[in-house]
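See below for structure29.cif, which holds mmCIF, C-alpha atoms.
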```cif
data_entry
loop_
_atom_site.label_atom_id
_atom_site.label_comp_id
_atom_site.auth_asym_id
_atom_site.auth_seq_id
_atom_site.Cartn_x
_atom_site.Cartn_y
_atom_site.Cartn_z
CA MET A 25 55.80 81.85 97.21
CA LYS A 26 58.09 84.79 97.98
CA THR A 27 59.44 85.86 94.58
CA ILE A 28 58.01 87.56 91.51
CA LEU A 29 59.36 89.22 88.35
CA GLY A 30 58.72 92.80 87.32
CA THR A 31 60.04 95.89 85.58
CA LYS A 32 60.98 99.32 86.86
CA LEU A 33 58.68 102.17 85.83
CA GLU A 34 59.86 105.33 87.58
CA SER A 35 61.27 106.84 90.76
CA SER A 36 59.31 109.44 92.68
CA ARG A 37 58.58 110.62 96.22
CA LYS A 38 55.72 110.20 98.65
CA PHE A 39 54.78 111.40 102.12
CA THR A 40 54.06 109.10 105.05
CA GLN A 41 51.45 109.69 107.73
CA ASP A 42 54.06 111.12 110.09
CA GLY A 43 54.92 113.82 107.53
CA LYS A 44 58.22 112.40 106.29
CA ARG A 45 59.11 112.56 102.61
CA ILE A 46 60.51 109.27 101.27
CA PRO A 47 61.89 108.17 97.88
CA VAL A 48 59.81 105.45 96.20
CA THR A 49 60.11 103.33 93.05
CA ARG A 50 57.08 102.20 91.10
CA ILE A 51 57.40 98.62 89.83
CA VAL A 52 55.07 96.59 87.62
CA ALA A 53 55.18 93.07 89.08
CA GLY A 54 53.17 90.27 87.50
CA PRO A 55 51.03 88.59 86.60
CA CYS A 56 53.74 86.03 85.83
CA PRO A 57 52.70 82.83 84.04
CA VAL A 58 54.15 79.53 85.26
CA ILE A 59 56.02 78.09 82.27
CA GLN A 60 57.52 74.98 83.85
CA VAL A 61 57.41 73.09 87.15
CA LYS A 62 60.63 71.29 88.11
CA THR A 63 60.74 68.56 90.75
CA ARG A 64 63.56 66.81 92.55
CA ASP A 65 62.61 63.48 91.01
CA ASN A 66 62.74 64.67 87.41
CA ASP A 67 65.21 67.57 87.46
CA GLY A 68 67.24 67.12 90.65
CA TYR A 69 65.82 70.19 92.41
CA ASN A 70 62.48 71.87 93.13
CA ALA A 71 61.70 75.07 91.25
CA ILE A 72 59.22 76.79 88.97
CA GLN A 73 60.01 78.77 85.86
CA LEU A 74 58.25 82.11 85.57
CA GLY A 75 57.76 84.26 82.50
CA TRP A 76 57.54 88.02 82.34
CA GLY A 77 56.82 90.48 79.57
CA GLU A 78 55.35 89.90 76.15
CA LYS A 79 56.61 89.58 72.58
CA LYS A 80 55.19 88.13 69.40
CA LEU A 81 55.51 84.40 68.87
CA THR A 82 56.97 85.09 65.43
CA LYS A 83 59.87 86.94 67.13
CA SER A 84 60.70 83.97 69.38
CA THR A 85 62.65 80.86 68.46
CA LYS A 86 61.04 77.53 67.62
CA PRO A 87 62.45 75.85 70.76
CA LEU A 88 60.94 78.61 72.93
CA GLN A 89 57.58 78.23 71.20
CA GLY A 90 57.61 74.53 71.99
CA HIS A 91 58.74 75.18 75.56
CA ILE A 92 55.83 77.52 76.34
CA LYS A 93 53.27 75.40 74.51
CA GLY A 94 52.05 73.80 77.74
CA ALA A 95 51.27 77.24 79.24
CA LYS A 96 48.93 78.03 76.30
CA LEU A 97 50.13 81.61 75.91
CA LYS A 98 49.13 83.79 72.98
CA LEU A 99 52.33 85.84 73.31
CA ALA A 100 55.80 84.65 74.21
CA PRO A 101 57.35 85.90 77.47
CA ARG A 102 60.17 88.41 77.19
CA PHE A 103 62.08 86.96 80.14
CA LEU A 104 62.30 83.53 81.76
CA ARG A 105 63.62 83.04 85.29
CA GLU A 106 63.59 80.15 87.77
CA VAL A 107 62.50 80.41 91.39
CA ARG A 108 63.56 77.74 93.87
CA LEU A 109 60.78 76.35 96.08
CA ASP A 110 60.31 73.67 98.71
CA GLU A 111 56.97 72.45 97.36
CA PRO A 112 56.42 73.27 93.67
CA SER A 113 53.54 70.80 93.43
CA GLN A 114 51.04 73.51 94.41
CA PHE A 115 51.67 75.31 91.10
CA GLN A 116 50.44 74.28 87.67
CA VAL A 117 51.79 75.14 84.23
CA GLY A 118 49.81 78.07 82.84
CA GLY A 119 48.83 79.49 86.22
CA LEU A 120 49.32 83.17 87.02
CA ILE A 121 51.12 84.66 90.02
CA LYS A 122 50.12 88.22 90.91
CA ALA A 123 51.88 90.80 93.05
CA SER A 124 48.94 91.01 95.47
CA ASP A 125 49.27 87.24 96.09
CA VAL A 126 52.88 87.62 97.23
CA PHE A 127 53.31 91.05 98.81
CA LYS A 128 51.50 93.27 101.29
CA PRO A 129 52.32 96.77 102.57
CA GLY A 130 55.02 96.55 105.20
CA ASP A 131 56.91 93.60 103.68
CA LYS A 132 60.70 93.79 103.51
CA VAL A 133 62.08 92.84 100.10
CA LYS A 134 65.35 92.62 98.23
CA VAL A 135 65.41 93.63 94.57
CA THR A 136 67.87 92.27 92.01
CA GLY A 137 68.48 93.90 88.65
CA THR A 138 71.13 94.89 86.13
CA SER A 139 72.75 98.25 86.78
CA LYS A 140 72.99 100.94 84.12
CA GLY A 141 75.96 100.65 81.78
CA LYS A 142 78.48 103.52 82.03
CA GLY A 143 80.57 102.64 78.97
CA PHE A 144 84.39 102.68 78.93
CA THR A 145 85.58 104.64 81.96
CA GLY A 146 88.84 105.44 83.65
CA VAL A 147 90.07 104.20 87.02
CA MET A 148 88.82 107.26 88.92
CA LYS A 149 85.19 106.73 87.89
CA ARG A 150 85.31 102.94 87.73
CA TRP A 151 87.22 102.18 90.93
CA GLY A 152 87.32 105.48 92.82
CA PHE A 153 91.05 106.13 92.47
CA ALA A 154 92.27 109.50 93.82
CA GLY A 155 94.34 110.39 90.76
CA GLY A 156 97.78 111.99 90.70
CA PRO A 157 98.91 115.31 92.17
CA ALA A 158 97.77 118.48 90.41
CA THR A 159 101.08 120.36 90.87
CA HIS A 160 104.89 119.76 90.94
CA GLY A 161 105.24 119.37 87.22
CA GLN A 162 102.28 117.04 86.81
CA SER A 163 100.81 118.22 83.53
CA ASP A 164 99.03 115.31 81.86
CA ARG A 165 98.81 112.49 84.42
CA ALA A 166 96.14 113.84 86.78
CA ARG A 167 93.67 111.00 86.14
CA SER A 168 96.07 108.17 85.34
CA PRO A 169 96.19 104.90 87.36
CA GLY A 170 99.91 105.22 88.11
CA SER A 171 102.10 102.13 88.30
CA ILE A 172 100.41 98.84 87.32
CA GLY A 173 103.11 96.42 88.44
CA GLN A 174 106.79 95.64 89.01
CA GLY A 175 109.70 95.50 86.55
CA THR A 176 111.43 92.53 84.92
CA THR A 177 110.26 90.30 87.75
CA PRO A 178 107.53 89.14 87.32
CA GLY A 179 107.46 90.95 83.97
CA ARG A 180 103.69 90.90 83.67
CA VAL A 181 100.53 92.44 85.12
CA PHE A 182 98.74 90.24 87.62
CA PRO A 183 95.16 89.19 86.77
CA GLY A 184 92.46 91.19 88.54
CA LYS A 185 94.40 94.45 88.47
CA LYS A 186 92.03 97.43 88.65
CA MET A 187 92.36 99.20 85.34
CA PRO A 188 90.20 101.22 82.93
CA GLY A 189 87.38 99.37 81.22
CA ARG A 190 83.65 99.03 80.87
CA ALA A 191 81.76 99.96 84.03
CA GLY A 192 78.22 99.16 85.06
CA ARG A 193 75.83 96.60 83.56
CA GLU A 194 76.34 94.24 86.47
CA ARG A 195 73.95 92.16 88.53
CA VAL A 196 73.16 94.23 91.64
CA THR A 197 70.98 93.36 94.65
CA VAL A 198 69.59 96.03 96.97
CA ASP A 199 68.51 94.70 100.39
CA ASN A 200 66.11 95.91 103.08
CA LEU A 201 63.61 97.79 100.94
CA THR A 202 60.02 98.18 102.17
CA VAL A 203 56.83 97.69 100.19
CA ILE A 204 54.81 100.85 100.81
CA ALA A 205 51.70 100.10 98.73
CA VAL A 206 50.27 97.39 96.45
CA ASP A 207 47.90 98.21 93.57
CA LYS A 208 45.88 95.08 92.79
CA ASP A 209 44.22 96.52 89.68
CA LYS A 210 47.45 97.72 88.00
CA ASN A 211 49.70 94.99 89.49
CA GLU A 212 52.07 97.66 90.76
CA LEU A 213 54.29 97.90 93.81
CA LEU A 214 55.51 101.05 95.53
CA VAL A 215 58.87 100.29 97.12
CA LYS A 216 60.64 102.63 99.51
CA GLY A 217 64.07 103.40 98.10
CA LEU A 218 65.79 103.03 94.74
CA VAL A 219 66.35 99.89 92.69
CA PRO A 220 69.08 99.14 90.12
CA GLY A 221 68.69 99.42 86.38
CA HIS A 222 66.96 101.57 83.80
CA ARG A 223 63.26 101.90 83.04
CA ASN A 224 61.61 98.71 81.78
CA GLY A 225 64.58 96.70 83.03
CA LEU A 226 63.95 93.27 84.53
CA LEU A 227 63.74 93.06 88.33
CA ILE A 228 63.51 90.06 90.64
CA ILE A 229 61.62 91.00 93.80
CA GLN A 230 61.98 88.64 96.75
CA LYS A 231 60.26 88.92 100.13
CA VAL A 232 62.64 88.53 103.07
CA GLY A 233 60.63 89.65 106.11
CA LYS A 234 58.34 92.21 107.69
CA GLU A 235 58.93 95.83 108.69
CA LYS A 236 58.61 96.16 112.48
CA LYS A 237 57.62 99.84 112.54
CA PHE A 238 55.73 100.31 109.29
CA ILE A 239 54.19 103.75 108.65
CA PRO A 240 51.74 103.82 105.68
CA LEU A 241 51.49 106.59 103.13
CA MET A 242 49.49 109.73 103.72
CA ALA A 243 46.13 109.61 101.96
CA LYS A 244 45.85 111.56 98.71
CA GLY A 245 44.72 115.13 99.38
CA GLU A 246 45.30 114.79 103.13
CA ARG A 247 47.63 117.31 104.75
CA GLU A 248 47.23 116.62 108.45
CA ILE A 249 49.97 114.64 110.15
CA LYS A 250 48.75 111.71 112.20
CA GLU A 251 50.59 111.68 115.51
CA SER A 252 50.03 110.95 119.17
CA GLU A 253 49.78 113.62 121.87
CA GLU A 254 53.37 113.02 123.00
CA GLU A 255 54.69 113.32 119.44
CA ARG A 256 52.64 116.46 118.89
CA GLU A 257 53.96 118.10 122.08
CA ALA A 258 57.53 117.18 121.13
CA ARG A 259 57.09 118.60 117.63
CA LEU A 260 55.59 121.86 118.96
CA ALA A 261 58.45 122.18 121.45
CA ARG A 262 61.00 121.77 118.64
CA GLU A 263 59.21 124.36 116.52
CA LYS A 264 59.11 126.82 119.43
CA GLU A 265 62.80 126.32 120.11
CA ALA A 266 63.64 126.87 116.44
CA THR A 267 61.63 130.12 116.27
CA GLU A 268 63.34 131.41 119.43
CA LYS A 269 66.77 130.70 117.95
CA LEU A 270 65.82 132.57 114.78
CA LYS A 271 64.68 135.58 116.80
CA GLU A 272 67.93 135.60 118.77
CA ALA A 273 69.96 135.41 115.58
CA GLU A 274 68.04 138.35 114.07
CA GLU A 275 68.50 140.43 117.25
CA THR A 276 72.24 139.79 117.30
CA LYS A 277 72.50 140.83 113.65
CA GLU A 278 70.62 144.07 114.32
CA SER A 279 72.84 144.87 117.32
CA VAL A 280 76.02 144.19 115.36
CA LYS A 281 75.10 146.46 112.42
CA PRO A 282 75.27 149.80 114.37
CA GLU A 283 78.61 148.83 115.90
CA GLU A 284 80.00 148.04 112.44
CA ALA A 285 78.74 151.39 111.13
CA LYS A 286 80.46 153.26 114.01
CA ALA A 287 83.69 151.38 113.38
CA THR A 288 83.66 152.28 109.68
CA GLU A 289 82.99 155.96 110.54
CA LYS A 290 85.97 156.00 112.91
CA GLU A 291 88.20 154.40 110.30
CA GLY A 292 87.03 156.97 107.72
CA GLY A 293 87.78 159.83 110.12
CA HIS A 294 91.32 158.55 110.80
CA ALA A 295 91.93 158.18 107.09
CA GLU A 296 90.85 161.78 106.40
CA GLY A 297 93.05 163.10 109.19
#
```
As structure tokens - that is how I would like this structure written.
Amino acid sequence: MKTILGTKLESSRKFTQDGKRIPVTRIVAGPCPVIQVKTRDNDGYNAIQLGWGEKKLTKSTKPLQGHIKGAKLKLAPRFLREVRLDEPSQFQVGGLIKASDVFKPGDKVKVTGTSKGKGFTGVMKRWGFAGGPATHGQSDRARSPGSIGQGTTPGRVFPGKKMPGRAGRERVTVDNLTVIAVDKDKNELLVKGLVPGHRNGLLIIQKVGKEKKFIPLMAKGEREIKESEEEREARLAREKEATEKLKEAEETKESVKPEEAKATEKEGGHAEG
């Protein structure tokens, strides 16, 4: 099992043990109940259907209530998504899949979600057009798309032409994110980087590999950077070099100031004469 459903909570920052500050996203992932198990013999392909979120049974349709009856849930799931598997027989309807069962710190994941809607936008925001010239008599066409086609032939606009319209609210997948931490008690994931969508939006998190050079987070309240002797010597050398450059810059500024003062005095004397 390499996939689980979740929702985005917030974006923040953390520090790793080597002292680097990284952006992280906190995601609530699971527990996801197994609603249905599909097999190649019965359905033509192997998959399991997972549920995520909660809503009252009275706010769900009668067909959905009958569909989730086998899982024996007190509340209806807010979302239903299928996950393809090679061997779905190891899962049972009503079972729970937790984030700690799927992910560990250092796993590489890809996260799929729905991007934020931007509303009706012009071609410059939607497609990145450069816009028209700002001068030479151009008064009211600075953000226009320009020509959208030919003349009498073909006499129409070709399908797929980039024009103004609704932007955002699309299915977006972000690859090569790293799981930084897993909270078993809260069923939360800390993922390095940003994920698409707004808060409480549905996310599909899929494990794709392992980070080769994984550096865990710095412990809470800890301020010392964990590093080897070679890394420490290199860091101290860089700091020494930076301080020397700052001193040189300050000395050059101090030496330039008297010369500038003399030059202004000479100019003032010539002006008076």
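Compared by their closest atoms to Glu235 (chain A), and using all atoms listed in the file, the residues A:Ala71, A:Val133, A:Ala154, A:Met148 rank with A:Val133 nearest.
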Inset, instruction - I need the residue set behind the PyMOL selection byres ((chain A and resi 97) around 12) for this file; please write it as number ranges by chain. - result: A: 56-59, 75-81, 88-96, 98-101, 117-120
Export of the given selection (C-alpha atoms) as a PDB file, keeping the file's coordinate frame:
```pdb
ATOM      1  CA  CYS A  56      53.740  86.030  85.830  1.00  0.00           C
ATOM      2  CA  PRO A  57      52.700  82.830  84.040  1.00  0.00           C
ATOM      3  CA  VAL A  58      54.150  79.530  85.260  1.00  0.00           C
ATOM      4  CA  ILE A  59      56.020  78.090  82.270  1.00  0.00           C
ATOM      5  CA  GLY A  75      57.760  84.260  82.500  1.00  0.00           C
ATOM      6  CA  TRP A  76      57.540  88.020  82.340  1.00  0.00           C
ATOM      7  CA  GLY A  77      56.820  90.480  79.570  1.00  0.00           C
ATOM      8  CA  GLU A  78      55.350  89.900  76.150  1.00  0.00           C
ATOM      9  CA  LYS A  79      56.610  89.580  72.580  1.00  0.00           C
ATOM     10  CA  LYS A  80      55.190  88.130  69.400  1.00  0.00           C
ATOM     11  CA  LEU A  81      55.510  84.400  68.870  1.00  0.00           C
ATOM     12  CA  LEU A  88      60.940  78.610  72.930  1.00  0.00           C
ATOM     13  CA  GLN A  89      57.580  78.230  71.200  1.00  0.00           C
ATOM     14  CA  GLY A  90      57.610  74.530  71.990  1.00  0.00           C
ATOM     15  CA  HIS A  91      58.740  75.180  75.560  1.00  0.00           C
ATOM     16  CA  ILE A  92      55.830  77.520  76.340  1.00  0.00           C
ATOM     17  CA  LYS A  93      53.270  75.400  74.510  1.00  0.00           C
ATOM     18  CA  GLY A  94      52.050  73.800  77.740  1.00  0.00           C
ATOM     19  CA  ALA A  95      51.270  77.240  79.240  1.00  0.00           C
ATOM     20  CA  LYS A  96      48.930  78.030  76.300  1.00  0.00           C
ATOM     21  CA  LYS A  98      49.130  83.790  72.980  1.00  0.00           C
ATOM     22  CA  LEU A  99      52.330  85.840  73.310  1.00  0.00           C
ATOM     23  CA  ALA A 100      55.800  84.650  74.210  1.00  0.00           C
ATOM     24  CA  PRO A 101      57.350  85.900  77.470  1.00  0.00           C
ATOM     25  CA  VAL A 117      51.790  75.140  84.230  1.00  0.00           C
ATOM     26  CA  GLY A 118      49.810  78.070  82.840  1.00  0.00           C
ATOM     27  CA  GLY A 119      48.830  79.490  86.220  1.00  0.00           C
ATOM     28  CA  LEU A 120      49.320  83.170  87.020  1.00  0.00           C
TER      29      LEU A 120
END
```
Inset, instruction - Check the smallest atom-to-atom distance from each of A:Asp67, A:Glu275, A:Asp207, A:Glu106 to Lys128 (chain A) using only C-alpha atoms, then report the winner. - result: A:Asp207
Legend entry - Selection result for the PyMOL selection byres ((chain A and resi 28-38) around 7) on this file, as a list in words: Thr27, Phe39, Thr40, Arg45, Ile46, Pro47, Val48, Thr49, Arg50, Ile51, Val52, Ala53, Gly54, Cys56, Trp76, Arg223, Asn224, Gly225, Leu226, Leu227, Ile228, Ile229 and Gln230 of chain A
Legend entry - A:Leu218, A:Pro240, A:Thr197, A:Gly192 ranked by distance to Lys44 (chain A), top pick (using all atoms listed in the file): A:Pro240
Inset, instruction - Write out as a list of chain:residue names each polymer residue whose atoms come within 8 Å of region 167-171 of chain A, counting only C-alpha atoms; drop sequence neighbours fewer than 5 positions from it. - result: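 Near neighbours after the sequence-gap exclusion: A:Gly146, A:Val147, A:Met148, A:Phe153, A:Ala154, A:Gly155, A:Gly156, A:Met187.
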Legend entry - Given only C-alpha atoms as the counted atoms, nearest of A:Lys134, A:Lys234, A:Lys216, A:Arg165 to Val196 (chain A):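 Counting only C-alpha atoms, the residue closest to Val196 (chain A) is A:Lys134.
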Inset, instruction - Quote the spacing between CA of Lys237 (chain A) and CA of Asp131 (chain A) in Å to one decimal place. - result: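 Interatomic distance here is 10.9 Å.
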Here's the selection I'm unsure about, the PyMOL selection byres ((chain A and resi 110) around 8); applied to the file above, which residues does it give, as a PDB file with C-alpha atoms, in the frame of the given file?
```pdb
ATOM      1  CA  ASN A  70      62.480  71.870  93.130  1.00  0.00           C
ATOM      2  CA  ALA A  71      61.700  75.070  91.250  1.00  0.00           C
ATOM      3  CA  ARG A 108      63.560  77.740  93.870  1.00  0.00           C
ATOM      4  CA  LEU A 109      60.780  76.350  96.080  1.00  0.00           C
ATOM      5  CA  GLU A 111      56.970  72.450  97.360  1.00  0.00           C
ATOM      6  CA  PRO A 112      56.420  73.270  93.670  1.00  0.00           C
TER       7      PRO A 112
END
```
Inset, instruction - Measure the distance from CA of Met242 (chain A) to CA of Ile204 (chain A) in Å and round it to one decimal. - result: 10.8 Å
